[in-house]
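Dumped protein-v5.txt below, it's compact mmCIF, C-alpha atoms:
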```
# COMPACT_ATOMS: atom_id res chain seq x y z
CA MET A 7 -75.28 -108.28 -54.77
CA PRO A 8 -76.19 -104.63 -54.08
CA VAL A 9 -79.42 -103.92 -52.22
CA MET A 10 -82.11 -102.63 -54.55
CA ARG A 11 -83.62 -99.24 -53.78
CA VAL A 12 -87.40 -99.55 -53.53
CA PRO A 13 -89.29 -96.44 -54.65
CA GLN A 14 -90.85 -94.62 -51.69
CA VAL A 15 -94.29 -94.81 -53.30
CA LEU A 16 -94.12 -98.63 -53.18
CA ILE A 17 -92.88 -98.59 -49.59
CA ASP A 18 -95.87 -96.42 -48.71
CA ARG A 19 -98.18 -98.95 -50.38
CA TYR A 20 -96.59 -101.84 -48.48
CA ARG A 21 -97.09 -99.91 -45.24
CA ARG A 22 -100.76 -99.35 -46.11
CA LEU A 23 -101.15 -103.05 -46.88
CA PHE A 24 -99.49 -103.91 -43.56
CA ARG A 25 -102.06 -101.76 -41.73
CA PHE A 26 -104.85 -103.39 -43.70
CA TYR A 27 -103.69 -106.87 -42.62
CA ASP A 28 -103.15 -105.81 -38.98
CA ARG A 29 -106.65 -106.87 -38.03
CA ASP A 30 -106.27 -106.25 -34.32
CA GLY A 31 -104.29 -103.01 -34.74
CA ASP A 32 -101.42 -104.03 -32.45
CA GLY A 33 -98.65 -103.09 -34.90
CA VAL A 34 -97.58 -106.65 -35.73
CA HIS A 35 -99.05 -109.52 -37.71
CA SER A 36 -99.71 -112.81 -36.00
CA LEU A 37 -101.39 -115.87 -37.41
CA ALA A 38 -103.76 -116.29 -34.46
CA GLN A 39 -104.87 -112.67 -34.12
CA ASP A 40 -104.78 -111.36 -37.67
CA PHE A 41 -105.09 -114.17 -40.19
CA ALA A 42 -106.91 -117.11 -38.60
CA PRO A 43 -110.06 -115.02 -37.99
CA VAL A 44 -109.97 -113.91 -41.64
CA ALA A 45 -109.61 -117.50 -42.85
CA ARG A 46 -112.62 -118.52 -40.75
CA SER A 47 -114.65 -115.58 -42.06
CA ILE A 48 -113.85 -116.33 -45.70
CA ASP A 49 -114.59 -120.02 -45.19
CA ALA A 50 -117.91 -119.20 -43.51
CA ARG A 51 -119.07 -117.30 -46.61
CA TRP A 52 -119.05 -120.62 -48.50
CA GLN A 53 -121.53 -122.35 -46.18
CA GLY A 54 -124.15 -124.00 -48.36
CA ARG A 55 -121.99 -123.67 -51.48
CA ARG A 56 -119.24 -125.78 -52.95
CA PRO A 57 -115.90 -123.99 -52.44
CA PRO A 58 -113.33 -123.96 -55.25
CA PHE A 59 -110.82 -125.90 -53.12
CA ALA A 60 -111.24 -128.92 -50.86
CA ASN A 61 -110.92 -128.13 -47.14
CA LEU A 62 -110.89 -124.40 -47.81
CA LEU A 63 -110.35 -123.40 -44.19
CA GLN A 64 -107.22 -125.52 -43.84
CA LEU A 65 -105.90 -124.27 -47.20
CA LEU A 66 -106.34 -120.67 -46.08
CA LEU A 67 -104.74 -121.32 -42.69
CA ASP A 68 -101.79 -123.09 -44.34
CA THR A 69 -101.35 -120.28 -46.87
CA TYR A 70 -101.43 -117.58 -44.21
CA ALA A 71 -99.01 -119.60 -42.04
CA HIS A 72 -96.60 -119.98 -44.96
CA GLU A 73 -96.69 -116.24 -45.74
CA GLN A 74 -96.28 -115.39 -42.07
CA GLN A 75 -93.25 -117.67 -41.78
CA ARG A 76 -91.73 -116.28 -44.99
CA ARG A 77 -91.95 -112.72 -43.66
CA ASP A 78 -90.94 -113.44 -40.05
CA SER A 79 -87.18 -112.95 -40.53
CA ASP A 80 -86.30 -113.23 -36.83
CA GLY A 81 -88.56 -116.24 -36.22
CA ASN A 82 -90.35 -114.78 -33.21
CA GLY A 83 -93.85 -115.63 -34.45
CA VAL A 84 -94.92 -112.11 -35.42
CA VAL A 85 -94.18 -109.90 -38.41
CA THR A 86 -93.27 -106.29 -37.83
CA LEU A 87 -93.78 -103.49 -40.31
CA ARG A 88 -90.05 -103.58 -41.09
CA GLU A 89 -90.12 -107.34 -41.79
CA PHE A 90 -93.21 -106.91 -43.96
CA VAL A 91 -91.66 -104.13 -46.05
CA ASP A 92 -88.36 -106.01 -46.32
CA SER A 93 -90.17 -109.15 -47.53
CA HIS A 94 -91.74 -107.10 -50.31
CA GLN A 95 -88.32 -105.79 -51.30
CA ARG A 96 -87.27 -109.39 -52.03
CA VAL A 97 -90.48 -110.00 -53.98
CA LEU A 98 -89.96 -106.80 -55.99
CA ALA A 99 -86.39 -107.87 -56.83
CA ALA A 100 -87.66 -111.25 -58.04
CA TYR A 101 -90.34 -109.52 -60.12
CA GLN A 102 -87.83 -107.20 -61.74
CA ALA A 103 -85.45 -110.08 -62.47
CA ASN A 104 -88.13 -112.17 -64.21
CA PRO A 105 -91.49 -110.42 -64.72
CA GLU A 106 -93.02 -113.27 -66.74
CA GLN A 107 -92.26 -115.86 -64.08
CA ALA A 108 -93.60 -113.46 -61.46
CA ARG A 109 -96.85 -113.09 -63.42
CA VAL A 110 -97.25 -116.87 -63.47
CA PHE A 111 -96.87 -116.84 -59.69
CA ILE A 112 -99.35 -113.95 -59.33
CA GLU A 113 -101.85 -115.85 -61.51
CA ARG A 114 -101.54 -118.95 -59.34
CA ALA A 115 -101.44 -117.32 -55.90
CA ALA A 116 -103.58 -114.20 -56.28
CA GLY A 117 -105.77 -115.91 -58.87
CA GLY A 118 -106.47 -118.69 -56.40
CA PHE A 119 -107.37 -116.12 -53.78
CA PHE A 120 -109.69 -114.43 -56.28
CA ASP A 121 -111.45 -117.78 -56.74
CA VAL A 122 -111.92 -118.02 -52.97
CA LEU A 123 -113.62 -114.61 -52.91
CA ASP A 124 -115.76 -115.24 -56.03
CA LEU A 125 -118.73 -116.98 -54.41
CA ASP A 126 -120.73 -117.50 -57.58
CA GLY A 127 -117.71 -118.63 -59.61
CA ASP A 128 -118.48 -116.32 -62.52
CA GLY A 129 -114.96 -114.89 -62.78
CA VAL A 130 -116.04 -111.48 -61.49
CA LEU A 131 -115.88 -110.05 -57.98
CA GLU A 132 -118.94 -108.09 -56.99
CA LEU A 133 -118.87 -105.20 -54.55
CA ALA A 134 -120.21 -107.51 -51.81
CA ASP A 135 -117.21 -109.84 -52.26
CA LEU A 136 -114.79 -106.97 -51.74
CA GLN A 137 -116.76 -105.63 -48.80
CA ALA A 138 -116.75 -109.07 -47.16
CA PHE A 139 -112.97 -109.24 -47.56
CA ALA A 140 -112.48 -105.83 -45.92
CA ALA A 141 -114.95 -106.70 -43.16
CA ALA A 142 -113.06 -109.94 -42.45
CA TYR A 143 -110.06 -107.77 -41.59
CA GLY A 144 -112.24 -105.61 -39.36
CA HIS A 145 -112.45 -102.62 -41.69
CA PRO A 146 -115.57 -100.61 -42.45
CA VAL A 147 -116.81 -100.97 -46.00
CA GLU A 148 -117.73 -97.36 -46.68
CA GLY A 149 -115.65 -95.98 -49.53
CA ILE A 150 -115.00 -99.30 -51.25
CA ALA A 151 -117.64 -98.75 -53.94
CA ALA A 152 -116.27 -95.31 -54.85
CA ASN A 153 -112.70 -96.58 -54.87
CA LEU A 154 -113.61 -99.56 -57.05
CA ALA A 155 -115.46 -97.26 -59.45
CA ALA A 156 -112.42 -94.96 -59.64
CA MET A 157 -110.02 -97.82 -60.45
CA LEU A 158 -112.30 -99.43 -62.99
CA GLY A 159 -113.21 -96.04 -64.48
CA GLU A 160 -109.53 -95.39 -65.19
CA LEU A 161 -109.58 -98.65 -67.16
CA GLY A 162 -112.83 -97.79 -68.95
CA LEU A 163 -114.72 -100.62 -67.24
CA SER A 164 -118.07 -100.96 -65.47
CA PRO A 165 -117.79 -99.51 -61.96
CA GLU A 166 -119.25 -102.44 -60.02
CA ARG A 167 -117.70 -105.64 -61.36
CA LEU A 168 -114.05 -106.64 -61.05
CA PRO A 169 -113.06 -109.35 -63.58
CA ARG A 170 -110.32 -111.80 -62.63
CA ALA A 171 -107.76 -110.56 -65.20
CA VAL A 172 -108.29 -106.96 -64.08
CA PHE A 173 -107.95 -107.99 -60.42
CA LEU A 174 -104.57 -109.58 -61.20
CA THR A 175 -103.43 -106.52 -63.15
CA LEU A 176 -104.42 -104.18 -60.32
CA LEU A 177 -102.55 -106.30 -57.77
CA GLU A 178 -99.46 -106.39 -59.95
CA GLN A 179 -99.60 -102.62 -60.29
CA TYR A 180 -100.10 -102.10 -56.55
CA TRP A 181 -97.12 -104.26 -55.62
CA PHE A 182 -94.68 -103.37 -58.38
CA ASP A 183 -95.61 -100.30 -60.46
CA PRO A 184 -94.64 -96.96 -58.86
CA SER A 185 -96.36 -94.98 -61.63
CA PRO A 186 -98.75 -92.30 -60.39
CA LYS A 187 -101.07 -93.28 -63.25
CA ALA A 188 -101.36 -97.03 -62.59
CA PRO A 189 -104.99 -97.71 -61.54
CA GLY A 190 -103.74 -100.37 -59.11
CA ARG A 191 -102.22 -97.61 -57.00
CA LEU A 192 -105.75 -97.03 -55.69
CA LEU A 193 -106.16 -100.48 -54.11
CA PHE A 194 -106.99 -100.19 -50.41
CA GLY A 195 -107.58 -96.47 -50.98
CA GLY A 196 -111.29 -96.78 -50.28
CA LEU A 197 -110.69 -97.78 -46.68
CA PRO A 198 -110.18 -95.22 -43.92
CA LEU A 199 -106.83 -96.52 -42.69
CA GLU A 200 -104.62 -94.26 -40.59
CA ASP A 201 -101.37 -93.18 -42.22
```

Show me this structure written as structure tokens.
Amino acid sequence: MPVMRVPQVLIDRYRRLFRFYDRDGDGVHSLAQDFAPVARSIDARWQGRRPPFANLLQLLLDTYAHEQQRRDSDGNGVVTLREFVDSHQRVLAAYQANPEQARVFIERAAGGFFDVLDLDGDGVLELADLQAFAAAYGHPVEGIAANLAAMLGELGLSPERLPRAVFLTLLEQYWFDPSPKAPGRLLFGGLPLED
């Protein structure tokens, strides 16, 4: 099977996402340094509330471990930028081969993550939910409100509330749609990440 050519705009997005996830800024992803602290931070937000999943911390740790293992092609315990981008190439190929099946997966995986961020369970992420997510990865939260307003404005929606279906659409666009007009292209654009 020939190797699929990934549009450069998508590669650039995957690189930006890699930097977002690289919590400690060391140029690789590791479960202990990058994802376990995020899992603990997200879990801590639920203190005093009933989380949408039993044993939320363990679920998050298991999910991050699975994703880390899936991307770690040489099995050395860390994921490099190259491994991260290559793993998205496989996901993009699967999406292009069967978009409907991919959307079912996005609904289950990303939709479940949405539920973890949606503290009040109303099906809408508030600005504070998104800021807490960025802060868990060690990023400043300035710029998130303007970026959210820009994305939602392109969709003709209220600038401060991100409904679940829109969240899933924006993620799908970010990962798979190279169009310069897809609102999802702006995800992670409100954070001052180095290029």

*List the neighbours of segment 130-133 of chain A out to 7 Å using only C-alpha atoms; skip same-chain residues closer than 4 positions along the sequence, and give me the result as a list in words.*
Asp124, Gln137, Ala151, Glu166, Arg167, Leu168, Pro169 and Arg170 of chain A

*Using only C-alpha atoms, determine which residues lie at most 8 Å from Asp40 of chain A, disregarding the query and same-chain residues fewer than 5 positions distant; provide the list as a ChimeraX atom specification.*
/A:27-30,35,143

Export, as a short mmCIF file (atom, residue, chain, number, x, y, z; two decimals), keeping the file's coordinate frame, the selected residues with C-alpha atoms.
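Output file selection-v3.cif follows:
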```cif
data_model
loop_
_atom_site.label_atom_id
_atom_site.label_comp_id
_atom_site.auth_asym_id
_atom_site.auth_seq_id
_atom_site.Cartn_x
_atom_site.Cartn_y
_atom_site.Cartn_z
CA TYR A 27 -103.69 -106.87 -42.62
CA ASP A 28 -103.15 -105.81 -38.98
CA ARG A 29 -106.65 -106.87 -38.03
CA ASP A 30 -106.27 -106.25 -34.32
CA HIS A 35 -99.05 -109.52 -37.71
CA TYR A 143 -110.06 -107.77 -41.59
#
```

*Asp135 of chain A: which residues within 10 Å, counting all atoms listed in the file, same-chain residues fewer than 5 positions away excluded, as a ChimeraX atom specification?*
/A:48,51,120,122-126,130,140-141,168

*Nearest candidate to Gly81 of chain A (options A:Gly54, A:Leu67, A:Leu177, A:Ser36; using all atoms listed in the file)*: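 Between A:Gly54, A:Leu67, A:Leu177, A:Ser36, the residue approaching Gly81 of chain A most closely is A:Ser36.
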
*Would you kindly return, as a list in words, each protein, DNA or RNA residue with an atom no farther than 10 Å from any atom of Ile150 of chain A, considering all atoms listed in the file and excluding same-chain residues fewer than 3 positions away?*
Leu133, Ala134, Leu136, Gln137, Ala140, Pro146, Val147, Asn153, Leu154, Ala155, Ala156, Leu193, Phe194, Gly195, Gly196, Leu197 and Pro198 of chain A

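Neighbouring residues of Asp80 of chain A at 9 Å or closer, counting all atoms listed in the file and skipping chain neighbours under 4 positions away, are A:Val84, A:Val85, A:Glu89.
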
*Between atom CA of Ala115 of chain A and atom CA of Leu98 of chain A, what is the distance, to one decimal in Å?*
15.6 Å

*Which is closer to Arg191 of chain A than all the others in A:Ala38, A:Met157, A:Val44, A:Ala152, using all atoms listed in the file?*
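For Arg191 of chain A, the nearest of the given residues is A:Met157.
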
*Quick one: pull the distance between atom CA of Phe182 of chain A and atom CA of Ala103 of chain A, Å, one decimal.*
12.1 Å

*Around the point (-86.0, -109.7, -58.7), in the coordinates given by the file, pick out the residues reaching within 12 Å, counting only C-alpha atoms, and return them as number ranges by chain.*
A: 7-12, 93-108, 182

Report, as AutoDock Vina command-line options, the centre and edge lengths in Å (one decimal) of the axis-aligned box enclosing every listed atom of segment 127-138 of chain A, padded by 8 Å on each side.
```
--center_x -117.5 --center_y -111.9 --center_z -55.0 --size_x 21.4 --size_y 29.4 --size_z 31.6
```

Add whatever atoms are absent from segment 10-21 of chain A to reach all heavy atoms, and provide the output as a CSV table (one decimal), in the frame of the given file.
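Output file part-v1.csv is given in full below:
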```csv
chain,number,residue,atom,x,y,z
A,10,MET,N,-81.3,-103.4,-53.6
A,10,MET,CA,-82.1,-102.6,-54.6
A,10,MET,C,-82.8,-101.5,-53.8
A,10,MET,O,-83.3,-101.7,-52.7
A,10,MET,CB,-83.1,-103.5,-55.2
A,10,MET,CG,-84.1,-102.8,-56.1
A,10,MET,SD,-85.4,-103.9,-56.8
A,10,MET,CE,-86.1,-104.5,-55.3
A,11,ARG,N,-82.9,-100.4,-54.4
A,11,ARG,CA,-83.6,-99.2,-53.8
A,11,ARG,C,-85.1,-99.3,-54.2
A,11,ARG,O,-85.4,-99.3,-55.4
A,11,ARG,CB,-83.0,-97.9,-54.2
A,11,ARG,CG,-83.8,-96.7,-53.8
A,11,ARG,CD,-83.0,-95.6,-53.3
A,11,ARG,NE,-83.6,-94.4,-53.0
A,11,ARG,CZ,-84.9,-94.1,-52.6
A,11,ARG,NH1,-85.8,-95.0,-52.5
A,11,ARG,NH2,-85.3,-92.9,-52.4
A,12,VAL,N,-86.0,-99.5,-53.2
A,12,VAL,CA,-87.4,-99.6,-53.5
A,12,VAL,C,-88.0,-98.1,-53.6
A,12,VAL,O,-87.7,-97.3,-52.6
A,12,VAL,CB,-88.1,-100.4,-52.4
A,12,VAL,CG1,-89.6,-100.4,-52.7
A,12,VAL,CG2,-87.5,-101.8,-52.4
A,13,PRO,N,-88.7,-97.8,-54.6
A,13,PRO,CA,-89.3,-96.4,-54.6
A,13,PRO,C,-90.2,-96.2,-53.4
A,13,PRO,O,-90.9,-97.1,-53.0
A,13,PRO,CB,-90.1,-96.5,-55.9
A,13,PRO,CG,-89.5,-97.5,-56.8
A,13,PRO,CD,-89.0,-98.6,-55.8
A,14,GLN,N,-90.1,-95.0,-52.9
A,14,GLN,CA,-90.8,-94.6,-51.7
A,14,GLN,C,-92.3,-94.9,-51.9
A,14,GLN,O,-93.0,-95.3,-50.9
A,14,GLN,CB,-90.6,-93.2,-51.3
A,14,GLN,CG,-91.2,-92.8,-50.0
A,14,GLN,CD,-90.7,-93.6,-48.8
A,14,GLN,OE1,-89.5,-93.8,-48.6
A,14,GLN,NE2,-91.6,-94.1,-48.0
A,15,VAL,N,-92.9,-94.6,-53.1
A,15,VAL,CA,-94.3,-94.8,-53.3
A,15,VAL,C,-94.7,-96.3,-53.1
A,15,VAL,O,-95.8,-96.5,-52.5
A,15,VAL,CB,-94.7,-94.3,-54.7
A,15,VAL,CG1,-94.1,-95.2,-55.8
A,15,VAL,CG2,-96.2,-94.2,-54.8
A,16,LEU,N,-93.8,-97.2,-53.4
A,16,LEU,CA,-94.1,-98.6,-53.2
A,16,LEU,C,-94.0,-98.9,-51.7
A,16,LEU,O,-94.8,-99.7,-51.1
A,16,LEU,CB,-93.2,-99.5,-54.0
A,16,LEU,CG,-93.4,-99.5,-55.5
A,16,LEU,CD1,-92.5,-100.5,-56.2
A,16,LEU,CD2,-94.9,-99.8,-55.9
A,17,ILE,N,-93.0,-98.4,-51.0
A,17,ILE,CA,-92.9,-98.6,-49.6
A,17,ILE,C,-94.1,-98.1,-48.9
A,17,ILE,O,-94.7,-98.8,-48.0
A,17,ILE,CB,-91.6,-97.9,-49.0
A,17,ILE,CG1,-90.4,-98.6,-49.6
A,17,ILE,CG2,-91.6,-97.9,-47.5
A,17,ILE,CD1,-89.1,-97.9,-49.2
A,18,ASP,N,-94.6,-96.9,-49.3
A,18,ASP,CA,-95.9,-96.4,-48.7
A,18,ASP,C,-97.0,-97.4,-48.9
A,18,ASP,O,-97.9,-97.6,-48.0
A,18,ASP,CB,-96.2,-95.0,-49.3
A,18,ASP,CG,-95.2,-94.0,-48.9
A,18,ASP,OD1,-94.4,-94.2,-47.9
A,18,ASP,OD2,-95.1,-92.9,-49.5
A,19,ARG,N,-97.1,-98.0,-50.1
A,19,ARG,CA,-98.2,-99.0,-50.4
A,19,ARG,C,-98.0,-100.2,-49.5
A,19,ARG,O,-99.0,-100.7,-49.0
A,19,ARG,CB,-98.2,-99.4,-51.9
A,19,ARG,CG,-98.6,-98.3,-52.8
A,19,ARG,CD,-98.6,-98.8,-54.2
A,19,ARG,NE,-98.6,-97.7,-55.2
A,19,ARG,CZ,-98.4,-97.8,-56.4
A,19,ARG,NH1,-98.1,-99.0,-56.9
A,19,ARG,NH2,-98.4,-96.8,-57.2
A,20,TYR,N,-96.8,-100.7,-49.3
A,20,TYR,CA,-96.6,-101.8,-48.5
A,20,TYR,C,-97.0,-101.5,-47.0
A,20,TYR,O,-97.5,-102.4,-46.3
A,20,TYR,CB,-95.1,-102.3,-48.5
A,20,TYR,CG,-94.6,-102.6,-49.9
A,20,TYR,CD1,-93.3,-102.5,-50.2
A,20,TYR,CD2,-95.5,-103.0,-51.0
A,20,TYR,CE1,-92.8,-102.8,-51.5
A,20,TYR,CE2,-95.0,-103.3,-52.2
A,20,TYR,CZ,-93.7,-103.2,-52.5
A,20,TYR,OH,-93.2,-103.5,-53.8
A,21,ARG,N,-96.7,-100.3,-46.6
A,21,ARG,CA,-97.1,-99.9,-45.2
A,21,ARG,C,-98.6,-99.9,-45.1
A,21,ARG,O,-99.2,-100.3,-44.1
A,21,ARG,CB,-96.5,-98.5,-44.9
A,21,ARG,CG,-95.0,-98.5,-44.7
A,21,ARG,CD,-94.5,-97.1,-44.4
A,21,ARG,NE,-93.1,-97.2,-44.1
A,21,ARG,CZ,-92.3,-96.2,-44.2
A,21,ARG,NH1,-92.7,-95.0,-44.7
A,21,ARG,NH2,-91.0,-96.3,-43.9
```
